[in-house]
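Novice: Handing you a structure now.
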Amino acid sequence: MASGGGDVQSPRKRKREHAEGKPKKPHGGAATKGKKRPVAQGAHGFAGEAVAKKQPVTPREKRLAAKELSESRKMRRKQNYSLEKELTKLWEKMRCHSVSKEDRSKIVSEALRKMDGKYLDIAGSHVTARVLQTCVKWCSQSERDAIFDALQPHMLTLSRKKYAVFLVKKLIKLATKKQFALFISSLHGKIAKLLRHTIGAAVVDYAFQLATQPQRRQLLLELYSTELQLFKGLTEQKSHSLLDTISKLGLQKSSVLQHMTIVIQAILEKGIVEYSIVHTAILEYFTIADKTSASDVIRQLIPLLIEGSTVIDVDESSVANELPKKTKAKKKRLSEPLIVRIMHTREAVKIAISCLRHGSAKDRKKIIKSLKGHIMKLALNDFGCLFLACVLSIVDDTKLVSKVVIQELAKNLNQLIFDKNGRRPLLQLLHPLGSRYLPPADLACLSYSGEATENVSEVTSESKVDAAADKEHLEGTQIASDSKKDPSQRRHELLIKSDLAESLVQSCIENVGELLRSNFGKDVLYEVAVGGKDNVLDGISNRIHMLHDAIAADAAQPKTEDIEHAFENFHSSRVIRKIIIDCPAFAITLWKKALKGKCKIWAHGHSSKVVAAFLESPSSKVRDIATSELQPLIDSGVLKIPDHKTVEKA
């Protein structure tokens, strides 16, 4: 038994040794030592030589054998493998930049002929889905129509597939109005289900962005109640908000609230909150939700908004340099918290502001910490700058805000003060909610509270008149919040204690000439020069006087052909005029250094506005120093004062 058991081998091992041409090793006891087994000897005989001839020896032969084996397996596994290979070769030709339009058209037509009747199988494949997507991009309209007609019944299925989703997006992007309307119609009753699907939600949101306003309402309405989900005719009624829909259709507010709570909770549990259609639905929910329900949604939103994927640390340059550029860019994008990535719509800003406003002090701390390293991206963004302005106006923890936000802003002041969006957080500190710098829609966004009593919708052409009427009401009012700190104290701590004001004045002095002549930079210069609203920069008056001297020195320079003079430039002449009227100290400095005895030279064109501003100043001291020289120019008709000022003088 013992000697027999030693020779037993598993079938797999015998097969492997036979394939490798190796002799079998003895497994027995002492009786087998020194003896050559017949089986091993046979393995080196004729059979062994035949096996050795079939096995690859050189590395090249092994690669070719592995390739042949892989090809044969793919042929058995994939039904259209040979077609995939042909299409891949055509794809490499059609996507080449150097190919002419005529040649590309021929290649695309040839590829479509090969795919005819197999579009559904092609669309689901990792390889061929890209080929079909490129064909849709470059083919003729008739060919595109044929592809759309073939795939239209299967669009919802393809919208859930990992690779086919890009083809669906391309088809609806290039679809005709009729085809797009057909696709929107096919989504009816399935919006809520698709929004809970990681891939399908991207298709719905893409269609939402391309849709007209009535189509958007049609997509949103079925999220509001079961009736609207079941009866398609109800979604075609015209309404501008959820409250309008409830009143027009006679829906019960409690049932709508219950249905929307179920829908939104399911979406939040999946973590799919990066899409604008979800933001719009949540904002509509806030208009009817009670405080408890709204707080529950915000409590669930905050962890989702501040999380970001873990990536390579920026300091690990040795590892990061090994990654391809595209991979590093993708990882950098994914490292950003969601609250930064979604800042491309007004609805997303309102969601973020709601979380900031109604979150606890601990929640606010988490939100601000998540912004570290992304402040400049937000500041230069059309909507991100509004969120930063809200952070500076709401959060009481000024030490944390100074450490995370103010420090990064201070490092990049020279870029921010000239940028249309970048200047807005600075202007919010200098002049909160200034209607001169923020349009009504942005003012409404900053003042958004997310409460049910406030129905804040987008400013349409019909509501622009009302928004303009409310502009003066919003102007200068502080943002209502649960903050405990006095707003003026918060501004003082963020500007003066953090030394941001010092850096800001220094940047203005260094770039005074460019700022005066800049469309956006002049606003920052004006606010700093006049000391900000409520004289918030009173603590650095000496530095502001240095800025006055720098402006006056620039204005005192003689005319040259190289650069337009400050008094004659469109932007600078108007900002200097405003500073003269609002800041008597600057007016006196400018008169002494640049205008005294030279008013006749500047009494024409844009510069005449600067000269006339001395007589429009509310300060009697400013008017007195200029009257003796300007009155003769007025009497002779050389200098003209605006009519309303002449009337007031009379």
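Identifiers in this document derive from the order of the structure tokens: chains are assigned A, B, ..., residues are numbered from 1 separately in each chain, and ligands are numbered from 1 in order of occurrence.
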Any chance you could list, as a compact mmCIF listing (two decimals) with N, CA and C atoms, in the first residue's frame, the residues in range 444-645 of chain A that come up alpha helix (DSSP H) when DSSP is run on the backbone?
Specialist:
# COMPACT_ATOMS: atom_id res chain seq x y z
N ALA A 444 -30.56 87.83 -5.65
CA ALA A 444 -31.58 86.91 -5.16
C ALA A 444 -30.95 85.57 -4.76
N CYS A 445 -29.93 85.16 -5.50
CA CYS A 445 -29.24 83.91 -5.19
C CYS A 445 -28.51 83.99 -3.84
N LEU A 446 -27.83 85.12 -3.60
CA LEU A 446 -27.13 85.29 -2.33
C LEU A 446 -28.09 85.41 -1.16
N LYS A 464 -38.04 90.35 -14.88
CA LYS A 464 -36.89 91.23 -14.73
C LYS A 464 -37.29 92.60 -14.17
N VAL A 465 -38.48 93.05 -14.51
CA VAL A 465 -38.93 94.36 -14.02
C VAL A 465 -39.10 94.31 -12.51
N ASP A 466 -39.71 93.22 -12.02
CA ASP A 466 -39.90 93.08 -10.58
C ASP A 466 -38.56 92.95 -9.87
N ALA A 467 -37.63 92.21 -10.49
CA ALA A 467 -36.32 92.03 -9.87
C ALA A 467 -35.58 93.36 -9.78
N ALA A 468 -35.71 94.17 -10.83
CA ALA A 468 -35.06 95.48 -10.81
C ALA A 468 -35.68 96.38 -9.75
N ALA A 469 -36.98 96.23 -9.53
CA ALA A 469 -37.65 97.04 -8.51
C ALA A 469 -37.19 96.64 -7.12
N ASP A 470 -36.87 95.35 -6.95
CA ASP A 470 -36.43 94.87 -5.64
C ASP A 470 -34.94 95.11 -5.41
N LYS A 471 -34.25 95.61 -6.42
CA LYS A 471 -32.80 95.75 -6.32
C LYS A 471 -32.41 96.69 -5.18
N GLU A 472 -33.14 97.81 -5.07
CA GLU A 472 -32.81 98.76 -4.04
C GLU A 472 -33.11 98.19 -2.64
N HIS A 473 -34.12 97.32 -2.58
CA HIS A 473 -34.44 96.72 -1.29
C HIS A 473 -33.33 95.77 -0.85
N LEU A 474 -32.78 94.98 -1.80
CA LEU A 474 -31.71 94.05 -1.47
C LEU A 474 -30.40 94.77 -1.22
N PRO A 487 -22.50 91.50 11.49
CA PRO A 487 -21.91 91.51 10.14
C PRO A 487 -20.74 92.49 10.00
N SER A 488 -20.84 93.67 10.60
CA SER A 488 -19.75 94.65 10.50
C SER A 488 -18.51 94.14 11.21
N GLN A 489 -18.69 93.43 12.34
CA GLN A 489 -17.55 92.86 13.05
C GLN A 489 -16.89 91.76 12.21
N ARG A 490 -17.73 90.93 11.56
CA ARG A 490 -17.19 89.87 10.71
C ARG A 490 -16.36 90.46 9.57
N ARG A 491 -16.88 91.48 8.92
CA ARG A 491 -16.14 92.13 7.83
C ARG A 491 -14.82 92.71 8.32
N HIS A 492 -14.85 93.33 9.49
CA HIS A 492 -13.63 93.92 10.05
C HIS A 492 -12.58 92.85 10.33
N LEU A 500 -5.84 91.19 4.97
CA LEU A 500 -6.25 91.20 3.56
C LEU A 500 -6.35 92.62 3.03
N ALA A 501 -6.84 93.53 3.86
CA ALA A 501 -6.98 94.92 3.42
C ALA A 501 -5.63 95.54 3.07
N GLU A 502 -4.61 95.25 3.88
CA GLU A 502 -3.26 95.77 3.60
C GLU A 502 -2.77 95.28 2.25
N SER A 503 -2.93 93.98 2.02
CA SER A 503 -2.49 93.40 0.74
C SER A 503 -3.29 93.96 -0.42
N LEU A 504 -4.58 94.20 -0.19
CA LEU A 504 -5.45 94.72 -1.24
C LEU A 504 -5.05 96.14 -1.63
N VAL A 505 -4.78 96.97 -0.65
CA VAL A 505 -4.36 98.34 -0.94
C VAL A 505 -3.02 98.34 -1.66
N GLN A 506 -2.11 97.47 -1.24
CA GLN A 506 -0.81 97.40 -1.88
C GLN A 506 -0.93 96.97 -3.34
N SER A 507 -1.81 95.99 -3.61
CA SER A 507 -2.03 95.55 -5.00
C SER A 507 -2.61 96.70 -5.84
N CYS A 508 -3.51 97.47 -5.24
CA CYS A 508 -4.10 98.60 -5.97
C CYS A 508 -3.05 99.66 -6.28
N ILE A 509 -2.14 99.91 -5.34
CA ILE A 509 -1.08 100.91 -5.56
C ILE A 509 -0.14 100.45 -6.68
N GLU A 510 0.20 99.16 -6.66
CA GLU A 510 1.14 98.63 -7.66
C GLU A 510 0.52 98.59 -9.05
N VAL A 512 -2.15 100.58 -10.16
CA VAL A 512 -3.13 101.67 -10.21
C VAL A 512 -3.49 102.08 -11.64
N GLY A 513 -2.49 102.15 -12.52
CA GLY A 513 -2.75 102.57 -13.91
C GLY A 513 -3.65 101.59 -14.64
N GLU A 514 -3.37 100.29 -14.49
CA GLU A 514 -4.19 99.27 -15.16
C GLU A 514 -5.59 99.20 -14.57
N LEU A 515 -5.68 99.32 -13.25
CA LEU A 515 -7.00 99.25 -12.60
C LEU A 515 -7.89 100.40 -13.03
N LEU A 516 -7.31 101.60 -13.14
CA LEU A 516 -8.11 102.75 -13.55
C LEU A 516 -8.74 102.54 -14.92
N GLY A 521 -11.56 96.00 -12.95
CA GLY A 521 -10.64 96.38 -11.88
C GLY A 521 -10.99 97.73 -11.25
N LYS A 522 -11.60 98.60 -12.03
CA LYS A 522 -11.92 99.94 -11.50
C LYS A 522 -12.89 99.88 -10.33
N ASP A 523 -13.75 98.85 -10.28
CA ASP A 523 -14.71 98.74 -9.19
C ASP A 523 -14.01 98.45 -7.86
N VAL A 524 -13.02 97.55 -7.89
CA VAL A 524 -12.25 97.26 -6.68
C VAL A 524 -11.48 98.49 -6.25
N LEU A 525 -10.88 99.19 -7.22
CA LEU A 525 -10.12 100.40 -6.91
C LEU A 525 -11.01 101.45 -6.26
N TYR A 526 -12.20 101.62 -6.77
CA TYR A 526 -13.12 102.62 -6.22
C TYR A 526 -13.46 102.30 -4.77
N GLU A 527 -13.84 101.04 -4.49
CA GLU A 527 -14.26 100.67 -3.14
C GLU A 527 -13.11 100.82 -2.15
N VAL A 528 -11.90 100.47 -2.56
CA VAL A 528 -10.75 100.62 -1.66
C VAL A 528 -10.45 102.10 -1.44
N ALA A 529 -10.53 102.89 -2.50
CA ALA A 529 -10.20 104.31 -2.40
C ALA A 529 -11.16 105.08 -1.49
N SER A 541 -6.22 103.95 7.24
CA SER A 541 -6.42 105.22 6.53
C SER A 541 -5.13 105.72 5.89
N ASN A 542 -4.00 105.52 6.57
CA ASN A 542 -2.73 106.00 6.03
C ASN A 542 -2.40 105.32 4.70
N ARG A 543 -2.69 104.02 4.61
CA ARG A 543 -2.43 103.29 3.38
C ARG A 543 -3.36 103.76 2.26
N ILE A 544 -4.59 104.07 2.61
CA ILE A 544 -5.55 104.55 1.61
C ILE A 544 -5.12 105.91 1.07
N HIS A 545 -4.56 106.76 1.93
CA HIS A 545 -4.05 108.05 1.47
C HIS A 545 -2.90 107.86 0.48
N MET A 546 -2.10 106.81 0.69
CA MET A 546 -1.03 106.49 -0.27
C MET A 546 -1.63 106.08 -1.62
N LEU A 547 -2.77 105.38 -1.57
CA LEU A 547 -3.45 105.02 -2.82
C LEU A 547 -3.98 106.27 -3.52
N HIS A 548 -4.50 107.22 -2.75
CA HIS A 548 -4.96 108.49 -3.34
C HIS A 548 -3.81 109.19 -4.06
N ASP A 549 -2.65 109.20 -3.42
CA ASP A 549 -1.47 109.83 -4.04
C ASP A 549 -1.08 109.12 -5.33
N ALA A 550 -1.20 107.77 -5.33
CA ALA A 550 -0.82 107.01 -6.53
C ALA A 550 -1.77 107.31 -7.68
N ILE A 551 -3.08 107.43 -7.38
CA ILE A 551 -4.06 107.76 -8.43
C ILE A 551 -3.81 109.16 -8.96
N ALA A 552 -3.56 110.10 -8.04
CA ALA A 552 -3.29 111.48 -8.45
C ALA A 552 -2.01 111.57 -9.27
N ALA A 553 -1.00 110.78 -8.90
CA ALA A 553 0.26 110.79 -9.65
C ALA A 553 0.06 110.28 -11.07
N ASP A 554 -0.75 109.26 -11.22
CA ASP A 554 -1.04 108.74 -12.56
C ASP A 554 -1.81 109.78 -13.39
N ALA A 555 -2.74 110.48 -12.73
CA ALA A 555 -3.53 111.49 -13.44
C ALA A 555 -2.71 112.73 -13.76
N PHE A 570 -12.30 106.09 -21.08
CA PHE A 570 -13.72 105.95 -20.74
C PHE A 570 -13.91 105.46 -19.31
N HIS A 571 -13.23 104.39 -18.93
CA HIS A 571 -13.42 103.79 -17.60
C HIS A 571 -12.81 104.65 -16.51
N SER A 572 -11.55 105.07 -16.70
CA SER A 572 -10.87 105.80 -15.63
C SER A 572 -11.51 107.15 -15.35
N SER A 573 -11.98 107.84 -16.40
CA SER A 573 -12.59 109.15 -16.17
C SER A 573 -13.84 109.03 -15.29
N ARG A 574 -14.59 107.96 -15.47
CA ARG A 574 -15.81 107.79 -14.69
C ARG A 574 -15.54 107.34 -13.25
N VAL A 575 -14.53 106.49 -13.07
CA VAL A 575 -14.24 106.05 -11.70
C VAL A 575 -13.61 107.18 -10.90
N ILE A 576 -12.78 107.99 -11.54
CA ILE A 576 -12.19 109.14 -10.84
C ILE A 576 -13.29 110.13 -10.45
N ARG A 577 -14.24 110.34 -11.35
CA ARG A 577 -15.36 111.24 -11.05
C ARG A 577 -16.13 110.75 -9.81
N LYS A 578 -16.38 109.42 -9.73
CA LYS A 578 -17.12 108.88 -8.59
C LYS A 578 -16.34 109.04 -7.29
N ILE A 579 -15.02 108.83 -7.35
CA ILE A 579 -14.20 108.97 -6.14
C ILE A 579 -14.18 110.42 -5.68
N ILE A 580 -14.13 111.36 -6.62
CA ILE A 580 -14.16 112.79 -6.27
C ILE A 580 -15.44 113.13 -5.50
N ILE A 581 -16.56 112.64 -5.99
CA ILE A 581 -17.85 112.95 -5.38
C ILE A 581 -18.00 112.29 -4.01
N ASP A 582 -17.51 111.05 -3.87
CA ASP A 582 -17.73 110.29 -2.63
C ASP A 582 -16.61 110.41 -1.62
N PRO A 584 -14.02 113.29 -0.31
CA PRO A 584 -13.45 114.65 -0.35
C PRO A 584 -11.93 114.67 -0.19
N ALA A 585 -11.38 113.75 0.62
CA ALA A 585 -9.92 113.74 0.83
C ALA A 585 -9.20 113.48 -0.49
N PHE A 586 -9.73 112.55 -1.27
CA PHE A 586 -9.11 112.28 -2.58
C PHE A 586 -9.29 113.47 -3.52
N ALA A 587 -10.45 114.09 -3.50
CA ALA A 587 -10.71 115.23 -4.39
C ALA A 587 -9.71 116.35 -4.15
N ILE A 588 -9.41 116.64 -2.90
CA ILE A 588 -8.44 117.71 -2.58
C ILE A 588 -7.04 117.32 -3.06
N THR A 589 -6.66 116.04 -2.83
CA THR A 589 -5.34 115.58 -3.28
C THR A 589 -5.22 115.66 -4.80
N LEU A 590 -6.25 115.21 -5.52
CA LEU A 590 -6.22 115.25 -6.98
C LEU A 590 -6.15 116.68 -7.50
N SER A 607 -12.80 113.91 -20.07
CA SER A 607 -12.14 114.58 -18.95
C SER A 607 -13.01 115.67 -18.34
N SER A 608 -13.96 116.22 -19.11
CA SER A 608 -14.84 117.27 -18.56
C SER A 608 -15.68 116.73 -17.41
N LYS A 609 -15.97 115.42 -17.41
CA LYS A 609 -16.73 114.82 -16.31
C LYS A 609 -15.93 114.87 -15.01
N VAL A 610 -14.62 114.70 -15.13
CA VAL A 610 -13.76 114.76 -13.95
C VAL A 610 -13.74 116.18 -13.39
N VAL A 611 -13.58 117.14 -14.26
CA VAL A 611 -13.50 118.55 -13.82
C VAL A 611 -14.82 118.99 -13.21
N ALA A 612 -15.93 118.65 -13.85
CA ALA A 612 -17.26 119.07 -13.36
C ALA A 612 -17.61 118.40 -12.05
N ALA A 613 -16.98 117.23 -11.74
CA ALA A 613 -17.30 116.51 -10.50
C ALA A 613 -16.98 117.33 -9.26
N PHE A 614 -16.02 118.28 -9.35
CA PHE A 614 -15.67 119.10 -8.18
C PHE A 614 -16.84 120.01 -7.78
N LEU A 615 -17.63 120.42 -8.77
CA LEU A 615 -18.79 121.25 -8.44
C LEU A 615 -19.99 120.41 -8.04
N GLU A 616 -19.96 119.09 -8.35
CA GLU A 616 -21.06 118.21 -7.97
C GLU A 616 -20.84 117.58 -6.60
N SER A 620 -18.62 121.07 0.76
CA SER A 620 -18.44 122.50 0.44
C SER A 620 -16.97 122.85 0.29
N LYS A 621 -16.09 122.15 1.03
CA LYS A 621 -14.66 122.42 0.94
C LYS A 621 -14.13 122.10 -0.46
N VAL A 622 -14.60 121.01 -1.04
CA VAL A 622 -14.18 120.62 -2.39
C VAL A 622 -14.70 121.63 -3.41
N ARG A 623 -15.95 122.01 -3.26
CA ARG A 623 -16.52 122.97 -4.21
C ARG A 623 -15.80 124.32 -4.12
N ASP A 624 -15.45 124.72 -2.91
CA ASP A 624 -14.82 126.05 -2.73
C ASP A 624 -13.45 126.13 -3.39
N ILE A 625 -12.66 125.06 -3.31
CA ILE A 625 -11.31 125.13 -3.88
C ILE A 625 -11.33 125.15 -5.41
N ALA A 626 -12.42 124.71 -6.01
CA ALA A 626 -12.48 124.62 -7.47
C ALA A 626 -13.33 125.71 -8.12
N THR A 627 -14.20 126.33 -7.37
CA THR A 627 -15.15 127.28 -7.96
C THR A 627 -14.47 128.44 -8.66
N SER A 628 -13.45 129.00 -8.02
CA SER A 628 -12.81 130.20 -8.59
C SER A 628 -12.22 129.92 -9.97
N GLU A 629 -11.74 128.74 -10.21
CA GLU A 629 -11.14 128.42 -11.51
C GLU A 629 -12.16 127.88 -12.51
N LEU A 630 -13.20 127.19 -12.01
CA LEU A 630 -14.15 126.57 -12.92
C LEU A 630 -15.30 127.48 -13.34
N GLN A 631 -15.64 128.46 -12.50
CA GLN A 631 -16.77 129.30 -12.82
C GLN A 631 -16.56 130.10 -14.12
N PRO A 632 -15.37 130.68 -14.37
CA PRO A 632 -15.16 131.36 -15.66
C PRO A 632 -15.32 130.42 -16.86
N LEU A 633 -14.92 129.17 -16.70
CA LEU A 633 -15.07 128.22 -17.80
C LEU A 633 -16.53 127.91 -18.06
N ILE A 634 -17.32 127.90 -17.00
CA ILE A 634 -18.76 127.65 -17.16
C ILE A 634 -19.42 128.87 -17.82
N ASP A 635 -19.03 130.08 -17.37
CA ASP A 635 -19.64 131.30 -17.93
C ASP A 635 -19.32 131.46 -19.41
N ASP A 643 -27.43 119.09 -16.70
CA ASP A 643 -28.61 119.94 -16.52
C ASP A 643 -29.17 119.89 -15.11
N HIS A 644 -29.23 118.67 -14.55
CA HIS A 644 -29.85 118.56 -13.22
C HIS A 644 -29.03 119.30 -12.18
N LYS A 645 -27.69 119.39 -12.38
CA LYS A 645 -26.86 120.13 -11.45
C LYS A 645 -27.08 121.63 -11.61
Novice: Quick one: residues within 6 Å of Gly422 in chain A, only C-alpha atoms, excluding same-chain residues fewer than 6 positions away - as a ChimeraX atom specification?
Specialist: /A:379-380,416
Novice: Next, write the just-selected residues to a file, as a short mmCIF file (atom, residue, chain, number, x, y, z; two decimals), in the first residue's frame, keeping N, CA and C atoms as the atom set.
Specialist:
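Heads up, here's the output in out_24.cif:
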data_model
loop_
_atom_site.label_atom_id
_atom_site.label_comp_id
_atom_site.auth_asym_id
_atom_site.auth_seq_id
_atom_site.Cartn_x
_atom_site.Cartn_y
_atom_site.Cartn_z
N ALA A 379 -13.45 81.00 -7.05
CA ALA A 379 -13.45 82.46 -7.19
C ALA A 379 -13.55 82.90 -8.65
N LEU A 380 -12.98 82.12 -9.56
CA LEU A 380 -12.98 82.50 -10.97
C LEU A 380 -14.16 81.92 -11.74
N LEU A 416 -7.17 88.30 -9.15
CA LEU A 416 -8.59 88.44 -8.78
C LEU A 416 -9.15 89.83 -9.08
#
Novice: For Ile394 in chain A, list every protein, DNA or RNA residue within 12 Å, evaluated using only C-alpha atoms, and leave out those in the same chain fewer than 2 positions away; present the list as a PyMOL selection string.
Specialist: chain A and resi 353-361+364-365+368+387-392+396-398+401+428-429+432+446-447+449+478-491+494
Novice: Closest to Lys114 in chain A among A:Leu87, A:Thr134, A:Ser98, A:Phe520, using only C-alpha atoms?
Specialist: A:Leu87
Novice: Calculate how many Å separate CA of Arg424 in chain A from CA of Arg346 in chain A, rounding to one decimal.
Specialist: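 Straight-line distance from CA of Arg424 in chain A to CA of Arg346 in chain A works out to 15.7 Å.
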Novice: So, with only C-alpha atoms as the atoms that count, which of A:Thr345, A:Asn569, A:Ser619, A:Asn519 lies closest to Gly605 in chain A?
Specialist: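 Selected residue with least distance to Gly605 in chain A: A:Asn569.
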Novice: Tell me, as a VMD selection string, which residues lie within 12 Å of Ser225 in chain A, counting only C-alpha atoms; anything in the same chain fewer than 2 positions away does not count.
Specialist: chain A and resid 189 192 220 to 223 227 to 231 234 to 235 242 245 to 246 249 to 263 285
Novice: Please report the interatomic distance between CA of Val136 in chain A and CA of Leu167 in chain A in Å with one decimal.
Specialist: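 So the answer is 8.2 Å.
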Novice: Which is closer to Leu371 in chain A than all the others in A:Lys178, A:Leu400, A:Ile406, A:Ile306, using only C-alpha atoms?
Specialist: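 Looking only at the distances to Leu371 in chain A, the closest residue turns out to be A:Ile306.
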Novice: Write out as a ChimeraX atom specification each polymer residue whose atoms come within 12 Å of Gln265 in chain A, counting only C-alpha atoms; drop sequence neighbours fewer than 5 positions from it.
Specialist: /A:192,195-196,257-260,270-273,278,281-282,285,293-294,296-301
Novice: Could you check which of A:Lys248, A:Leu443, A:Lys170, A:Thr280 is closest to Leu219 in chain A, using only C-alpha atoms?
Specialist: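 Distance minimum relative to Leu219 in chain A lands on A:Thr280.
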Novice: To one decimal place, how far is CA of Glu274 in chain A from CA of Arg341 in chain A in Å?
Specialist: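 CA of Arg341 in chain A lies 7.9 Å from CA of Glu274 in chain A.
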Novice: Go through A:Ser370, A:Asn414, A:Ser435, A:Thr157 one by one, measure the shortest atom-to-atom distance of each to Ser335 in chain A using only C-alpha atoms, and give the residue with the smallest value.
Specialist: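 For Ser335 in chain A, the nearest of the given residues is A:Ser370.
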